[in-house]
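Have a look at coords38.cif; it's mmCIF, C-alpha atoms and all ligand atoms:
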```cif
data_coords
#
loop_
_atom_site.label_atom_id
_atom_site.label_comp_id
_atom_site.auth_asym_id
_atom_site.auth_seq_id
_atom_site.Cartn_x
_atom_site.Cartn_y
_atom_site.Cartn_z
CA MET L 6 -35.52 29.42 -3.96
CA ILE L 7 -32.56 30.42 -6.15
CA LYS L 8 -31.65 27.85 -8.84
CA LEU L 9 -28.35 26.89 -10.45
CA ILE L 10 -28.35 27.96 -14.11
CA SER L 11 -28.74 24.76 -16.12
CA PHE L 12 -25.70 24.90 -18.42
CA PHE L 13 -25.30 21.17 -17.73
CA GLY L 14 -27.99 18.56 -18.37
CA SER L 15 -28.78 16.75 -15.11
CA ARG L 16 -27.53 13.18 -14.58
CA GLY L 17 -30.30 12.67 -12.03
CA LEU L 18 -27.98 11.62 -9.23
CA LYS L 19 -27.31 13.19 -5.85
CA ILE L 20 -23.73 12.25 -4.91
CA VAL L 21 -22.97 12.29 -1.20
CA LYS L 22 -19.61 10.52 -0.92
CA ALA L 23 -16.55 9.75 -3.03
CA GLU L 24 -13.40 7.69 -2.61
CA ASN L 25 -10.79 6.77 -5.20
CA GLN L 26 -12.58 5.48 -8.33
CA TYR L 27 -16.03 5.31 -6.69
CA VAL L 28 -18.87 7.66 -5.74
CA TRP L 29 -22.03 6.98 -3.74
CA ASP L 30 -25.50 8.44 -4.19
CA ASP L 31 -27.92 9.49 -1.43
CA LYS L 32 -29.44 5.98 -1.44
CA ASP L 33 -26.00 4.52 -0.71
CA ASN L 34 -25.60 3.02 -4.20
CA LYS L 35 -21.96 2.70 -5.24
CA TYR L 36 -20.90 3.82 -8.72
CA LEU L 37 -17.72 3.28 -10.70
CA ASP L 38 -16.80 6.80 -11.77
CA LEU L 39 -15.26 6.89 -15.25
CA HIS L 40 -16.42 10.49 -15.64
CA ALA L 41 -14.39 11.68 -12.64
CA GLY L 42 -15.47 15.31 -12.98
CA HIS L 43 -14.39 15.45 -16.64
CA GLY L 44 -11.16 13.71 -15.70
CA VAL L 45 -10.26 15.90 -12.72
CA ALA L 46 -10.25 13.01 -10.22
CA PHE L 47 -7.53 11.10 -12.10
CA LEU L 48 -5.56 10.66 -8.86
CA GLY L 49 -8.73 9.33 -7.21
CA HIS L 50 -11.50 11.15 -5.41
CA ASN L 51 -10.44 12.55 -2.05
CA ASN L 52 -6.83 11.57 -2.48
CA LYS L 53 -5.42 11.36 1.06
CA ILE L 54 -2.05 12.95 0.25
CA VAL L 55 -3.64 15.89 -1.58
CA ILE L 56 -6.06 16.40 1.33
CA GLU L 57 -3.19 16.36 3.84
CA TYR L 58 -1.36 19.07 1.90
CA LEU L 59 -4.53 21.15 1.63
CA ILE L 60 -5.44 20.88 5.32
CA LYS L 61 -1.92 21.78 6.44
CA GLN L 62 -1.95 24.81 4.13
CA MET L 63 -5.45 25.86 5.26
CA ASN L 64 -4.16 25.97 8.80
CA GLU L 65 -1.12 28.05 7.80
CA VAL L 66 -2.31 30.57 5.22
CA MET L 67 -5.16 30.12 2.74
CA THR L 68 -4.83 33.16 0.54
CA LEU L 69 -2.06 35.43 -0.71
CA THR L 70 -1.30 36.77 -4.15
CA PRO L 71 1.96 35.81 -5.88
CA ALA L 72 3.38 39.14 -4.67
CA PHE L 73 4.13 37.29 -1.43
CA GLU L 74 6.45 34.31 -1.16
CA THR L 75 5.42 31.16 0.67
CA PRO L 76 7.20 27.92 1.57
CA ILE L 77 4.50 25.96 -0.26
CA ARG L 78 5.23 27.83 -3.47
CA GLU L 79 8.92 26.85 -3.20
CA GLU L 80 7.99 23.24 -2.52
CA MET L 81 5.59 23.18 -5.45
CA LEU L 82 8.19 24.61 -7.85
CA ARG L 83 10.69 21.95 -6.71
CA GLU L 84 8.13 19.20 -7.25
CA LEU L 85 7.06 20.47 -10.68
CA SER L 86 10.69 20.79 -11.78
CA ASP L 87 10.92 16.98 -11.76
CA LEU L 88 7.85 16.68 -13.96
CA VAL L 89 8.50 19.04 -16.87
CA PRO L 90 11.30 19.08 -19.47
CA THR L 91 14.13 21.21 -18.02
CA ASN L 92 13.70 24.20 -20.33
CA PHE L 93 10.05 24.70 -19.19
CA ASN L 94 11.26 26.52 -16.10
CA ASN L 95 8.46 29.11 -15.85
CA VAL L 96 4.94 28.44 -14.66
CA PHE L 97 1.87 30.43 -13.69
CA LEU L 98 -1.11 28.87 -11.93
CA GLN L 99 -4.71 29.88 -12.52
CA ASN L 100 -8.05 28.36 -11.70
CA SER L 101 -9.41 26.67 -14.83
CA GLY L 102 -8.30 25.19 -18.12
CA ALA L 103 -9.88 28.02 -20.08
CA GLU L 104 -7.85 30.59 -18.15
CA ALA L 105 -4.67 28.67 -18.90
CA VAL L 106 -5.56 28.77 -22.61
CA GLU L 107 -6.27 32.51 -22.38
CA LEU L 108 -2.84 33.18 -20.97
CA ALA L 109 -1.15 31.01 -23.60
CA LEU L 110 -2.95 32.90 -26.40
CA LYS L 111 -2.14 36.29 -24.89
CA VAL L 112 1.52 35.37 -24.56
CA ALA L 113 1.63 34.24 -28.21
CA ARG L 114 0.26 37.61 -29.35
CA LYS L 115 2.74 39.51 -27.22
CA ILE L 116 5.74 37.48 -28.37
CA THR L 117 4.95 37.35 -32.09
CA LYS L 118 3.04 40.65 -32.43
CA ARG L 119 0.73 38.73 -34.79
CA LYS L 120 -3.06 38.44 -34.50
CA LYS L 121 -4.20 35.22 -36.09
CA PHE L 122 -4.56 31.79 -34.47
CA ILE L 123 -4.85 28.32 -35.94
CA ALA L 124 -6.81 25.55 -34.21
CA PHE L 125 -8.25 22.25 -35.42
CA LYS L 126 -11.63 20.85 -36.31
CA ASN L 127 -13.19 19.04 -33.33
CA SER L 128 -10.97 20.95 -30.89
CA PHE L 129 -12.11 21.99 -27.43
CA HIS L 130 -10.17 24.54 -25.36
CA GLY L 131 -12.77 26.08 -23.04
CA ARG L 132 -15.54 28.66 -23.01
CA THR L 133 -14.08 32.08 -22.17
CA PHE L 134 -13.82 34.38 -25.19
CA GLY L 135 -10.26 33.49 -26.20
CA ALA L 136 -10.57 29.79 -25.42
CA LEU L 137 -13.98 29.70 -27.11
CA SER L 138 -12.49 31.30 -30.23
CA VAL L 139 -10.17 28.29 -30.69
CA THR L 140 -12.95 25.79 -29.86
CA TRP L 141 -14.41 24.25 -32.98
CA ASN L 142 -18.02 23.35 -32.14
CA LYS L 143 -20.29 25.99 -33.71
CA LYS L 144 -22.97 25.32 -31.12
CA TYR L 145 -20.67 26.70 -28.42
CA ARG L 146 -19.26 29.53 -30.54
CA GLU L 147 -21.94 31.03 -32.73
CA PRO L 148 -24.15 32.75 -30.12
CA PHE L 149 -21.12 34.69 -28.89
CA GLU L 150 -19.49 35.85 -32.11
CA PRO L 151 -17.52 37.88 -33.13
CA LEU L 152 -14.56 36.08 -31.58
CA LEU L 153 -10.82 36.11 -32.28
CA ASP L 154 -9.43 35.56 -35.77
CA VAL L 155 -9.08 31.77 -35.95
CA GLU L 156 -8.78 29.35 -38.85
CA PHE L 157 -9.67 25.70 -38.22
CA LEU L 158 -7.63 23.08 -40.07
CA THR L 159 -8.32 19.37 -40.36
CA PHE L 160 -6.84 17.49 -37.39
CA ASN L 161 -4.15 14.99 -38.44
CA SER L 162 -3.89 16.40 -41.99
CA VAL L 163 -0.21 17.12 -42.66
CA GLU L 164 -1.25 18.56 -46.03
CA GLU L 165 -3.39 21.29 -44.44
CA LEU L 166 -0.51 22.51 -42.29
CA LYS L 167 0.71 24.31 -45.45
CA LYS L 168 -1.89 26.96 -44.60
CA ILE L 169 0.18 28.08 -41.60
CA ASN L 170 2.00 31.26 -42.64
CA GLU L 171 3.82 34.30 -41.21
CA ASP L 172 0.54 35.89 -40.05
CA VAL L 173 -0.03 33.20 -37.44
CA ALA L 174 0.72 34.02 -33.79
CA ALA L 175 0.17 30.47 -32.57
CA VAL L 176 -1.26 27.08 -33.36
CA ILE L 177 -3.07 25.38 -30.49
CA VAL L 178 -3.54 21.62 -30.45
CA GLU L 179 -4.69 18.84 -28.13
CA PRO L 180 -2.40 15.80 -28.47
CA ILE L 181 -5.53 13.69 -28.06
CA GLN L 182 -8.76 15.56 -28.71
CA GLY L 183 -10.89 14.86 -25.65
CA GLU L 184 -14.21 16.61 -25.92
CA GLY L 185 -14.11 16.22 -29.71
CA GLY L 186 -14.23 12.41 -29.59
CA VAL L 187 -11.02 10.94 -28.09
CA ASN L 188 -8.99 11.40 -31.29
CA PRO L 189 -5.24 10.82 -30.88
CA ALA L 190 -2.91 12.88 -33.07
CA THR L 191 -0.59 10.91 -35.33
CA PRO L 192 3.18 11.20 -34.78
CA GLU L 193 3.66 12.44 -38.39
CA PHE L 194 1.13 15.20 -37.79
CA MET L 195 2.68 16.38 -34.52
CA LYS L 196 6.18 16.32 -35.99
CA ALA L 197 5.11 18.25 -39.10
CA LEU L 198 3.24 20.73 -36.93
CA ARG L 199 6.35 21.33 -34.84
CA GLU L 200 8.47 21.86 -37.95
CA VAL L 201 6.11 24.20 -39.76
CA THR L 202 5.42 26.40 -36.71
CA LYS L 203 9.18 26.78 -36.17
CA GLU L 204 9.70 27.63 -39.81
CA LYS L 205 6.94 30.26 -39.88
CA GLY L 206 7.75 31.81 -36.48
CA ALA L 207 4.38 30.83 -34.97
CA LEU L 208 4.27 29.46 -31.44
CA LEU L 209 3.09 25.91 -30.85
CA ILE L 210 0.75 25.68 -27.85
CA VAL L 211 -0.04 22.16 -26.71
CA ASP L 212 -3.18 22.05 -24.58
CA GLU L 213 -2.66 19.29 -22.00
CA VAL L 214 -5.62 20.25 -19.81
CA GLN L 215 -7.26 16.85 -20.35
CA THR L 216 -4.30 14.73 -21.46
CA GLY L 217 -1.67 15.98 -19.01
CA PHE L 218 -0.36 14.75 -15.67
CA GLY L 219 0.01 11.08 -16.49
CA ARG L 220 -3.33 10.13 -17.97
CA THR L 221 -2.02 8.98 -21.35
CA GLY L 222 0.91 6.92 -20.01
CA LYS L 223 3.49 9.71 -19.93
CA VAL L 224 3.43 12.77 -17.70
CA TRP L 225 2.65 14.92 -20.77
CA ALA L 226 1.08 13.52 -23.91
CA PHE L 227 3.40 15.51 -26.21
CA GLN L 228 6.19 13.24 -24.91
CA HIS L 229 4.70 10.37 -26.93
CA PHE L 230 5.51 12.26 -30.12
CA GLY L 231 9.14 13.20 -29.53
CA ILE L 232 8.39 16.92 -29.84
CA GLU L 233 8.38 19.88 -27.49
CA PRO L 234 5.91 22.75 -27.77
CA ASP L 235 6.72 26.40 -27.06
CA ILE L 236 4.03 26.66 -24.39
CA PHE L 237 1.85 24.03 -22.76
CA THR L 238 -1.16 24.15 -20.51
CA ALA L 239 -2.33 21.79 -17.78
CA GLY L 240 -5.48 21.59 -15.67
CA LYS L 241 -7.93 18.99 -14.38
CA ALA L 242 -5.72 16.26 -12.81
CA ILE L 243 -2.91 18.61 -11.81
CA GLY L 244 -4.69 19.74 -8.64
CA GLY L 245 -5.83 16.27 -7.54
CA GLY L 246 -9.42 17.59 -7.40
CA PHE L 247 -8.68 21.19 -6.41
CA PRO L 248 -9.54 23.79 -9.10
CA VAL L 249 -6.22 24.83 -10.58
CA SER L 250 -4.56 25.06 -13.99
CA ALA L 251 -1.04 25.86 -15.14
CA VAL L 252 0.84 27.32 -18.08
CA PHE L 253 4.46 26.28 -18.64
CA MET L 254 6.95 28.11 -20.85
CA PRO L 255 10.71 28.45 -21.35
CA ASP L 256 12.83 31.49 -20.46
CA TRP L 257 13.01 32.89 -23.99
CA ILE L 258 9.24 33.44 -23.83
CA ALA L 259 8.80 34.31 -20.15
CA GLN L 260 11.57 36.94 -20.30
CA ASN L 261 9.34 39.03 -22.57
CA LEU L 262 6.49 39.15 -20.06
CA GLU L 263 6.19 42.11 -17.73
CA GLU L 264 4.38 43.02 -14.55
CA GLY L 265 0.74 43.75 -15.43
CA ASP L 266 0.67 41.67 -18.64
CA HIS L 267 -1.52 39.19 -16.82
CA GLY L 268 -2.90 38.47 -13.37
CA SER L 269 -5.67 36.79 -11.44
CA THR L 270 -6.88 37.36 -7.88
CA TYR L 271 -6.65 33.67 -7.09
CA GLY L 272 -3.88 32.80 -9.54
CA SER L 273 -1.06 30.79 -7.92
CA ASN L 274 -2.65 31.03 -4.45
CA PRO L 275 -1.21 28.93 -1.58
CA LEU L 276 -4.05 26.38 -1.58
CA ALA L 277 -3.60 25.73 -5.29
CA ALA L 278 0.14 25.38 -4.71
CA ALA L 279 -0.54 22.88 -1.90
CA ALA L 280 -2.87 20.86 -4.11
CA VAL L 281 -0.35 20.76 -6.99
CA THR L 282 2.43 19.78 -4.57
CA GLY L 283 0.36 16.92 -3.12
CA ALA L 284 -0.72 15.80 -6.58
CA SER L 285 2.89 15.84 -7.85
CA LYS L 286 3.99 13.70 -4.89
CA VAL L 287 1.24 11.19 -5.66
CA LEU L 288 2.17 11.08 -9.34
CA LYS L 289 5.81 10.30 -8.54
CA THR L 290 5.35 8.03 -5.52
CA PHE L 291 2.85 5.74 -7.23
CA ASN L 292 4.40 5.93 -10.69
CA VAL L 293 1.03 7.04 -11.98
CA PRO L 294 1.89 7.49 -15.69
CA GLU L 295 3.22 3.93 -15.91
CA GLN L 296 0.14 2.58 -14.12
CA ALA L 297 -2.05 4.52 -16.55
CA ARG L 298 -0.13 3.08 -19.49
CA LEU L 299 -0.44 -0.53 -18.33
CA LYS L 300 -4.04 -0.29 -17.17
CA GLY L 301 -5.00 1.57 -20.31
CA GLU L 302 -3.57 -1.25 -22.43
CA THR L 303 -5.54 -3.84 -20.44
CA PHE L 304 -8.76 -1.82 -20.61
CA ILE L 305 -8.55 -1.11 -24.34
CA LYS L 306 -7.75 -4.78 -25.07
CA LEU L 307 -10.70 -5.95 -22.98
CA LEU L 308 -13.06 -3.54 -24.71
CA ARG L 309 -11.77 -4.44 -28.19
CA GLU L 310 -12.01 -8.19 -27.55
CA ASN L 311 -15.56 -7.96 -26.31
CA LEU L 312 -17.23 -5.07 -28.08
CA SER L 313 -15.72 -5.00 -31.57
CA GLU L 314 -18.18 -7.62 -32.86
CA PHE L 315 -21.18 -5.30 -32.33
CA ARG L 316 -22.21 -3.80 -35.64
CA SER L 317 -22.81 -0.45 -33.97
CA VAL L 318 -19.26 -0.20 -32.61
CA ARG L 319 -17.11 1.66 -35.11
CA GLU L 320 -13.82 1.89 -33.21
CA ILE L 321 -12.27 1.61 -29.76
CA ARG L 322 -9.35 4.01 -29.39
CA GLY L 323 -7.31 6.00 -26.90
CA MET L 324 -4.02 6.24 -25.06
CA GLY L 325 -3.47 5.21 -21.46
CA LEU L 326 -6.58 5.92 -19.44
CA MET L 327 -8.22 8.20 -21.99
CA ILE L 328 -10.45 5.86 -23.92
CA GLY L 329 -13.29 6.23 -26.42
CA VAL L 330 -15.78 3.67 -27.67
CA ASP L 331 -16.98 5.17 -30.92
CA LEU L 332 -20.45 4.09 -32.01
CA ARG L 333 -22.46 4.49 -35.18
CA PHE L 334 -25.22 6.25 -33.24
CA ASN L 335 -25.71 8.84 -30.51
CA PRO L 336 -24.24 7.26 -27.34
CA SER L 337 -26.55 9.04 -24.86
CA LEU L 338 -28.92 6.09 -24.36
CA ALA L 339 -25.99 3.69 -23.86
CA ILE L 340 -24.48 6.11 -21.32
CA ASN L 341 -27.83 6.25 -19.47
CA ILE L 342 -28.04 2.47 -19.40
CA MET L 343 -24.47 2.26 -18.11
CA GLN L 344 -25.51 4.58 -15.31
CA GLN L 345 -28.35 2.16 -14.41
CA GLU L 346 -25.56 -0.43 -14.14
CA ARG L 347 -23.81 2.03 -11.81
CA VAL L 348 -21.02 3.00 -14.16
CA ILE L 349 -20.70 6.72 -14.90
CA ALA L 350 -19.24 7.48 -18.33
CA LEU L 351 -19.38 10.61 -20.46
CA LYS L 352 -19.98 11.57 -24.05
CA ALA L 353 -17.34 12.88 -26.45
CA GLY L 354 -18.02 14.31 -29.91
CA ILE L 355 -21.29 13.15 -31.43
CA THR L 356 -20.93 9.36 -31.25
CA THR L 357 -18.34 8.44 -28.62
CA ILE L 358 -18.61 7.02 -25.09
CA ARG L 359 -15.62 8.41 -23.20
CA PHE L 360 -13.89 6.84 -20.19
CA LEU L 361 -11.57 8.99 -18.05
CA PRO L 362 -10.98 6.66 -15.08
CA PRO L 363 -8.95 7.38 -11.97
CA TYR L 364 -5.56 5.66 -12.24
CA MET L 365 -6.38 3.10 -9.51
CA ILE L 366 -9.07 1.42 -11.61
CA THR L 367 -8.85 -2.37 -11.17
CA THR L 368 -9.37 -5.24 -13.60
CA GLU L 369 -12.67 -6.01 -11.86
CA ASP L 370 -13.77 -2.42 -12.39
CA MET L 371 -12.91 -2.76 -16.08
CA GLU L 372 -15.10 -5.91 -16.30
CA TRP L 373 -17.88 -4.00 -14.57
CA ALA L 374 -17.56 -1.16 -17.12
CA LEU L 375 -17.42 -3.62 -20.00
CA ASN L 376 -20.60 -5.40 -18.93
CA ALA L 377 -22.40 -2.10 -18.47
CA ALA L 378 -21.24 -0.87 -21.90
CA ARG L 379 -22.30 -4.16 -23.50
CA ARG L 380 -25.81 -3.83 -22.08
CA GLY L 381 -25.94 -0.19 -23.17
CA ILE L 382 -24.95 -1.10 -26.71
CA ILE L 383 -27.28 -4.11 -26.97
CA GLU L 384 -30.27 -2.15 -25.72
CA THR L 385 -29.55 0.77 -27.99
CA GLU L 386 -29.21 -1.54 -31.00
CA ARG L 387 -32.54 -3.14 -30.06
CA LYS L 388 -34.22 0.26 -29.78
CA LYS L 389 -32.74 1.36 -33.09
CA THR L 390 -34.02 -1.71 -34.96
CA SER L 391 -37.43 -1.56 -33.35
CA VAL L 392 -37.96 2.11 -34.31
C1 LIG P 401 -8.22 20.27 -23.77
C2 LIG P 401 -9.03 21.19 -22.89
N1 LIG P 401 -8.68 22.48 -22.78
C3 LIG P 401 -9.36 23.33 -22.01
C4 LIG P 401 -10.47 22.92 -21.30
C5 LIG P 401 -11.22 23.91 -20.46
O1 LIG P 401 -11.01 23.65 -19.11
P1 LIG P 401 -11.97 24.29 -18.00
O2 LIG P 401 -13.30 23.65 -18.18
O3 LIG P 401 -11.30 23.93 -16.69
O4 LIG P 401 -12.01 25.75 -18.23
C6 LIG P 401 -10.87 21.59 -21.36
C7 LIG P 401 -12.05 21.13 -20.62
O5 LIG P 401 -12.60 20.09 -20.85
C8 LIG P 401 -10.13 20.70 -22.18
O6 LIG P 401 -10.49 19.42 -22.30
#
```
Would you mind writing the file's structure down as structure tokens?
Amino acid sequence: MIKLISFFGSRGLKIVKAENQYVWDDKDNKYLDLHAGHGVAFLGHNNKIVIEYLIKQMNEVMTLTPAFETPIREEMLRELSDLVPTNFNNVFLQNSGAEAVELALKVARKITKRKKFIAFKNSFHGRTFGALSVTWNKKYREPFEPLLDVEFLTFNSVEELKKINEDVAAVIVEPIQGEGGVNPATPEFMKALREVTKEKGALLIVDEVQTGFGRTGKVWAFQHFGIEPDIFTAGKAIGGGFPVSAVFMPDWIAQNLEEGDHGSTYGSNPLAAAAVTGASKVLKTFNVPEQARLKGETFIKLLRENLSEFRSVREIRGMGLMIGVDLRFNPSLAINIMQQERVIALKAGITTIRFLPPYMITTEDMEWALNAARRGIIETERKKTSV
């Protein structure tokens, strides 16, 4: 029989059902899902409002290119207008975060007529050629070189930003590095980055694929830093579980783009528009960013109060519901043990356990996660000392 190519290591679970912050395996065991499809299910698995929008749209028209207008597109644009700063009044939808990054990079080249990009150490922006070029991890990049001309600077080093010069088309940054270890940017760094890119005529692209749509306590994470990028991307949570990403930009950039500069068979299709519309309604109706902020504070406090005393815990950090427990060892065994305790977490960087919970996580769920993490850490420490 044909097999799925194993780009992902198996978690050894067959999932047959999902609802809100939980999933069930084929033996009817219930799991707390803090992995949530790499953060996609931030609005909860099988969100009822998103499903309603999708079903209605499926019964009307499932596929059309953006050459045709649809009522759902108009509704989506109205909904999104409430969620982005007013000057970001141009958007294009695609199907994955990497594609959103590709478009942002292409636009930067077209606008500036420059070739070079700057990204940061420990960055992750996806695995297509452009997105891979600005992704730091050599393991992902090296087998596929040569890639685009990219220089990697130290994240959060204001000093290193001096290397940005008039050759640079764009600098791309995650406001909180997700895949690289849940590393929040500092306000000084983001402010200096905004200033220097303006001064040198390079575009600032903020990649909100993981941080965006409420997860960090504001709709967009750049809003924590009092800055605005030139272009920003979104993905994961924005479709409430449906595969869709977005690139937002102001008029002064979009006006320079012409028919044929970009495209995608499925880009901005009616189902994606329905999913984004439903997801936007959920975000507003349930005040999701504020819930993420408050619950994130509670969760981080609980983890700090109970796990900081372990000698193998280096730091507990994050913003809103994007949280990392950084260890002094590889976290894979701890993550496996958490899974035995029916809590699904994921790894970030080399040493971090990452939690990307759906926004409806409860205090009891947090206790459940804490106890699972504690057992994971204790058992790993035991193993380490007995080796
Ligand atoms: C910040 C960031 N950008 C881009 C991507 C790539 O998104 P996708 O896997 O949907 O292509 C990811 C995925 O984890 C991400 O975290």
As AutoDock Vina command-line options, please: the centre and edge lengths in Å, to one decimal, of an axis-aligned box enclosing every listed atom of ligand LIG 401 (chain P) with 6 Å added on each side.
```
--center_x -10.8 --center_y 22.6 --center_z -20.2 --size_x 17.1 --size_y 18.3 --size_z 19.1
```
Problem - Within 8 Å of L:Ile54 using only C-alpha atoms, minus same-chain residues under 2 positions, as a ChimeraX atom specification - result: /L:52,56-58,283-284,286-287
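Summary of the local environment: counting all atoms listed in the file, residues at most 10 Å from L:Lys35, other than itself and those fewer than 4 positions away along its chain, are Ile20, Lys22, Ala23, Tyr27, Val28, Trp29, Asp30, Asp31, Arg347 and Val348 of chain L.
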Output as a Markdown table one row per residue of chain L within 6 Å of ligand LIG 401 (chain P): the closest atom pair and its distance in Å to one decimal place, counting all atoms listed in the file, sorted by chain and residue number ascending.
```
| residue | atom | partner | partner_atom | distance |
| --- | --- | --- | --- | --- |
| L:Ser101 | CA | P:LIG401 | O3 | 3.8 |
| L:Gly102 | CA | P:LIG401 | O1 | 3.3 |
| L:Ala103 | CA | P:LIG401 | O4 | 3.6 |
| L:Phe129 | CA | P:LIG401 | C2 | 5.5 |
| L:His130 | CA | P:LIG401 | N1 | 3.6 |
| L:Gly131 | CA | P:LIG401 | C5 | 3.7 |
| L:Glu179 | CA | P:LIG401 | C1 | 5.8 |
| L:Gly183 | CA | P:LIG401 | O6 | 5.7 |
| L:Glu184 | CA | P:LIG401 | O6 | 5.9 |
| L:Asp212 | CA | P:LIG401 | C1 | 5.4 |
| L:Glu213 | CA | P:LIG401 | C1 | 5.9 |
| L:Val214 | CA | P:LIG401 | C2 | 4.7 |
| L:Gln215 | CA | P:LIG401 | O6 | 4.6 |
```
Show me, as a CSV table (one decimal) with C-alpha atoms, in the frame of the given file, the residues that have an atom within 9 Å of L:Glu346 when counting only C-alpha atoms, minus same-chain residues fewer than 3 positions from it.
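What follows is the written file result-v7.csv:
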```
chain,number,residue,atom,x,y,z
L,36,TYR,CA,-20.9,3.8,-8.7
L,341,ASN,CA,-27.8,6.2,-19.5
L,342,ILE,CA,-28.0,2.5,-19.4
L,343,MET,CA,-24.5,2.3,-18.1
L,349,ILE,CA,-20.7,6.7,-14.9
L,373,TRP,CA,-17.9,-4.0,-14.6
L,374,ALA,CA,-17.6,-1.2,-17.1
L,376,ASN,CA,-20.6,-5.4,-18.9
L,377,ALA,CA,-22.4,-2.1,-18.5
L,378,ALA,CA,-21.2,-0.9,-21.9
L,380,ARG,CA,-25.8,-3.8,-22.1
```
Problem - Near-stretch 353-364 of chain L list (6 Å; all atoms listed in the file; drop same-chain fewer than 3 positions) as a PyMOL selection string - result: chain L and resi 26+39-40+44+47-49+184-186+297+327-332+334-336+350
Practice task
Between atom CA of L:Tyr271 and atom CA of L:His50, measure the distance and give it in Å to one decimal.
Solution key: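 Between these atoms lies a distance of 23.1 Å.
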Problem - Distance criterion (only C-alpha atoms): nearest to L:Ser162 out of L:Arg132, L:Arg333, L:Lys196, L:Lys32 - result: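 Looking only at the distances to L:Ser162, the closest residue turns out to be L:Lys196.
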Practice task
Kindly extract all protein, DNA and RNA residues lying within 12 Å of the coordinates (13.5, 15.3, -20.0) given in the file, considering only C-alpha atoms, and supply them as a ChimeraX atom specification.
Solution key: /L:86-93,223-225,227-228,231-233
Just write the chosen residues, C-alpha atoms, as a tab-separated table (two decimals), keeping the file's coordinate frame.
```
chain	number	residue	atom	x	y	z
L	86	SER	CA	10.69	20.79	-11.78
L	87	ASP	CA	10.92	16.98	-11.76
L	88	LEU	CA	7.85	16.68	-13.96
L	89	VAL	CA	8.50	19.04	-16.87
L	90	PRO	CA	11.30	19.08	-19.47
L	91	THR	CA	14.13	21.21	-18.02
L	92	ASN	CA	13.70	24.20	-20.33
L	93	PHE	CA	10.05	24.70	-19.19
L	223	LYS	CA	3.49	9.71	-19.93
L	224	VAL	CA	3.43	12.77	-17.70
L	225	TRP	CA	2.65	14.92	-20.77
L	227	PHE	CA	3.40	15.51	-26.21
L	228	GLN	CA	6.19	13.24	-24.91
L	231	GLY	CA	9.14	13.20	-29.53
L	232	ILE	CA	8.39	16.92	-29.84
L	233	GLU	CA	8.38	19.88	-27.49
```
Handout entry: Selected residue of minimal separation from L:Glu156 among L:Ser128, L:Lys144, L:Lys115, L:Ile123, counting only C-alpha atoms
Key =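 Closest residue, counting only C-alpha atoms: L:Ile123.
Shortest separation to L:Asn25 among L:Phe315, L:Ile77, L:Gln99, L:Met365 occurs at residue L:Met365, atoms counted being all atoms listed in the file.
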Residues within 6 Å of (3.7, 28.1, -10.8), file coordinates, counting only C-alpha atoms: what are they? Give the list as a PDB file with C-alpha atoms, in the frame of the given file.
```pdb
ATOM      1  CA  VAL L  96       4.940  28.440 -14.660  1.00  0.00           C
ATOM      2  CA  PHE L  97       1.870  30.430 -13.690  1.00  0.00           C
ATOM      3  CA  LEU L  98      -1.110  28.870 -11.930  1.00  0.00           C
TER       4      LEU L  98
END
```
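The space separating atom CA of L:Ala280 from atom CA of L:Phe134 comes to 27.3 Å.
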Handout entry: Shell around L:Phe149 at 12 Å using only C-alpha atoms, local window under 2 positions removed, as a list of chain:residue names
Key = L:Arg132, L:Thr133, L:Phe134, L:Gly135, L:Leu137, L:Ser138, L:Lys143, L:Lys144, L:Tyr145, L:Arg146, L:Glu147, L:Pro151, L:Leu152, L:Leu153
Fill in the blank from the handout: Across L:Gln344, L:Asn170, L:Val106, L:Ile382, the smallest distance to L:Leu18, with only C-alpha atoms counted, is shown by L:Gln344
Exercise for the section: Would you please work out which residue, of L:Gly222, L:Ser15, L:Thr270, L:Ala278, is nearest to L:Arg298 when using only C-alpha atoms? Expected result: L:Gly222
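Atom CA of L:Ser269 is positioned 24.4 Å from atom CA of L:Val176.
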